[in-house]
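Enquirer: So that we are looking at the same thing, I have put the structure below in structure tokens.
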Amino acid sequence: MAKPFRFAVQVSTLPADGWIERVRSYERLGFSTVFCPDHFGPQWDPTALLAAAAAVTTRLNVGSLVYDVDYRHPVIHAKGAATIQLLSGGRHEFGIGAGWMQTDYDEAGMPYDRPGLRIERLDEALQIIKSMWENERTTFSGKHYKITNIAKAAELPAGARPKILIGGGGPRVLRLAGRHADIVGINPSLPEGKITRDSAADLAPERLDEKLRHVRAGAEAAGRRFDEIELNSLTFVVAITDDASGLRAGLAANSGMSVEQVANCPIFLTGSAAEIRDGLEKRRERYGLSYIVIQGRDPAMVEKFAELIVAPLSGK
């Protein structure tokens, strides 16, 4: 059975003199969640932004999309996420990944290890974080982290830990996501440590099947049901227009994809409102992608998307 649609907005910053109204507008417009990514530079700190957003809303979920495991020790991740879960009344979606943007590491003077090592750290970190949410004391000895009898992150109600969201694009991290995550973000693989001309093509329809097989394999290896996992898709281009032919042609030329692939790639939502709604429904039926995240840079587009896409598909 298909999961209900959920829609979210991702923001790196908010207007300093109007952030409360901006966040409340997402709730009013029917979005399920506001997400914040985790990078250096002038973007806002995700932990502070999410805690503040939770404090001025009542229904809106707040989530990271996604924390980089290397930017904070897992004990810090555990405590921060548990605190936001309590402050929000259970509305926190804790997103975490193995890291990918090499410029962040270089500028901060951190070693940019090969993907396998970063994914190993993510696996160990998740074991620590989950234990610190559930157990009075945690001791862990792994290749990358050693924790000795550390106290519970916070007194969370039984069964009320944050949902775990893991985003990734490669086979190993997607299998790990299948083992650990409540929500899996299906992303392009970024082995070069940056977004390239070929990144979007890694989410062409034929690539989605392969990615989902890795998530399913991870879930089954952990004794979990794949259909219990919510599948998340991050969109970079939204254009609600009755004639998307020119835009699709340009996106195809810049990405190495065909126009047809662009029209069916979850990174791009282009076309009339009816076309976009139909495409989302078909992708949900075909791949299970039901949790759609758009960029929040253009408030007018966010409002238009809410009216023409969110309201009809989610009933909000």
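Scheme for the structure tokens: letters A, B, ... for chains in order shown; per-chain residue numbers from 1; ligand numbers from 1 in order shown.
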Please run DSSP on the backbone and report, as a PyMOL selection string, all residues within segment 8-175 of chain A that come out as strand (DSSP E).

Expert: chain A and resi 8-10+33-36+61-64+67-68+92-97+137-141+146-151+163-168

Enquirer: Determine, counting only C-alpha atoms, which protein, DNA and RNA residues have an atom within 12 Å of an atom of Gly315 of chain A; residues of the same chain fewer than 5 positions away are not included. Present the result as a ChimeraX atom specification.

Expert: /A:4-7,29-32,306-310

Enquirer: So that I have them on file, write out the residues from the current selection with N, CA and C atoms, as a short mmCIF file (atom, residue, chain, number, x, y, z; two decimals), in the first residue's frame.

Expert:
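Result file out-v2.cif:
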data_model
loop_
_atom_site.label_atom_id
_atom_site.label_comp_id
_atom_site.auth_asym_id
_atom_site.auth_seq_id
_atom_site.Cartn_x
_atom_site.Cartn_y
_atom_site.Cartn_z
N PRO A 4 1.17 7.80 2.33
CA PRO A 4 0.63 9.13 2.01
C PRO A 4 1.76 10.07 1.59
N PHE A 5 1.44 10.99 0.71
CA PHE A 5 2.42 12.00 0.35
C PHE A 5 2.73 12.89 1.55
N ARG A 6 3.99 13.23 1.67
CA ARG A 6 4.41 14.31 2.57
C ARG A 6 5.31 15.24 1.77
N PHE A 7 5.23 16.52 2.10
CA PHE A 7 6.02 17.52 1.40
C PHE A 7 6.78 18.37 2.41
N LEU A 29 0.87 26.50 5.09
CA LEU A 29 0.68 26.07 3.71
C LEU A 29 0.53 24.56 3.56
N GLY A 30 0.69 23.84 4.65
CA GLY A 30 0.45 22.40 4.61
C GLY A 30 1.68 21.53 4.44
N PHE A 31 2.87 22.13 4.52
CA PHE A 31 4.09 21.32 4.45
C PHE A 31 4.25 20.52 5.74
N SER A 32 4.79 19.33 5.60
CA SER A 32 4.99 18.47 6.75
C SER A 32 6.20 18.87 7.57
N ALA A 306 2.62 24.87 -2.91
CA ALA A 306 1.69 24.41 -1.87
C ALA A 306 0.26 24.40 -2.39
N GLU A 307 -0.13 25.43 -3.11
CA GLU A 307 -1.50 25.54 -3.61
C GLU A 307 -1.80 24.50 -4.67
N LEU A 308 -0.87 24.30 -5.60
CA LEU A 308 -1.15 23.49 -6.79
C LEU A 308 -0.70 22.03 -6.66
N ILE A 309 0.22 21.75 -5.76
CA ILE A 309 0.74 20.40 -5.65
C ILE A 309 0.47 19.81 -4.26
N VAL A 310 0.85 20.52 -3.21
CA VAL A 310 0.72 19.98 -1.85
C VAL A 310 -0.75 19.75 -1.49
#

Enquirer: Using only C-alpha atoms, which residues sit within 10 Å of Arg286 of chain A once same-chain residues fewer than 6 positions away are excluded, as a PyMOL selection string?

Expert: chain A and resi 2+205+208-209+280

Enquirer: Got a sec: who's within 12 Å of Asp242 of chain A, counting only C-alpha atoms, leaving out chain neighbours fewer than 5 positions off, as a list in words?

Expert: Leu247, Thr270, Gly271, Ser272, Ala273, Ala274, Glu275 and Ile276 of chain A

Enquirer: Once you have the residues from the selection above, write them out as a short mmCIF file (atom, residue, chain, number, x, y, z; two decimals), in the first residue's frame, restricted to N, CA and C atoms.

Expert:
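Resulting contents of out07.cif:
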data_model
loop_
_atom_site.label_atom_id
_atom_site.label_comp_id
_atom_site.auth_asym_id
_atom_site.auth_seq_id
_atom_site.Cartn_x
_atom_site.Cartn_y
_atom_site.Cartn_z
N LEU A 247 12.91 24.48 -20.97
CA LEU A 247 13.63 24.23 -19.72
C LEU A 247 14.16 22.80 -19.68
N THR A 270 9.07 19.62 -13.33
CA THR A 270 8.79 20.62 -14.36
C THR A 270 7.52 20.25 -15.11
N GLY A 271 6.82 21.27 -15.56
CA GLY A 271 5.60 21.06 -16.34
C GLY A 271 4.42 21.73 -15.68
N SER A 272 3.25 21.48 -16.21
CA SER A 272 2.04 22.03 -15.61
C SER A 272 1.82 21.38 -14.24
N ALA A 273 0.95 22.00 -13.45
CA ALA A 273 0.64 21.43 -12.14
C ALA A 273 0.10 20.02 -12.29
N ALA A 274 -0.75 19.81 -13.29
CA ALA A 274 -1.32 18.48 -13.50
C ALA A 274 -0.24 17.48 -13.87
N GLU A 275 0.73 17.89 -14.72
CA GLU A 275 1.83 17.00 -15.10
C GLU A 275 2.67 16.63 -13.89
N ILE A 276 2.96 17.62 -13.07
CA ILE A 276 3.80 17.35 -11.89
C ILE A 276 3.07 16.42 -10.93
#

Enquirer: Please provide the set of residues having any atom within 6 Å of segment 36-53 of chain A, restricted to only C-alpha atoms, with same-chain residues fewer than 4 positions apart removed, written as a list in words.

Expert: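 Listed by chain and then number, they are Gln10, Val11, Ser12, Thr13, Val62, Ser64, Leu65, Val66, Tyr67, Ile84 and Asp104 of chain A.
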
Enquirer: Got a sec: who's within 10 Å of Pro157 of chain A, counting only C-alpha atoms, leaving out chain neighbours fewer than 4 positions off, as a list in words?

Expert: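 Skipping anything fewer than 4 positions along the chain leaves Leu86, Gly90, Trp133, Glu134 and Arg161 of chain A.
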
Enquirer: What does the structure give for the distance between atom CA of Ala201 of chain A and atom CA of Gly168 of chain A, in Å to one decimal?

Expert: 14.9 Å

Enquirer: Considering only C-alpha atoms, state which residue in the set A:Ala160, A:His144, A:Gly296, A:Asp106 is at the smallest distance from Lys130 of chain A.

Expert: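 Comparing A:Ala160, A:His144, A:Gly296, A:Asp106 against Lys130 of chain A, the winner is A:Ala160.
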
Enquirer: Which one of A:Pro15, A:Gly279, A:Pro74, A:Gly89 sits closest to Ala54 of chain A if you count only C-alpha atoms?

Expert: A:Gly89

Enquirer: Using only C-alpha atoms, find the one residue out of A:Ile164, A:Ile240, A:Ala177, A:Ala252 that sits nearest to Arg216 of chain A.

Expert: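 Closest residue, counting only C-alpha atoms: A:Ala177.
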
Enquirer: Any chance you could tabulate, as CSV, the residues of segment 217-252 of chain A at most 12 Å from segment 188-191 of chain A with each one's nearest atom pair and distance in Å to one decimal, using only C-alpha atoms, in chain and rising number order?

Expert:
residue,atom,partner,partner_atom,distance
A:Ser233,CA,A:Pro188,CA,10.2
A:Leu234,CA,A:Pro188,CA,9.9
A:Thr235,CA,A:Pro188,CA,11.3
A:Phe236,CA,A:Pro188,CA,11.9

Enquirer: Go through A:Ile128, A:Leu212, A:Ala81, A:Ile195 one by one, measure the shortest atom-to-atom distance of each to Leu156 of chain A using only C-alpha atoms, and give the residue with the smallest value.

Expert: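 Counting only C-alpha atoms, the residue closest to Leu156 of chain A is A:Ala81.
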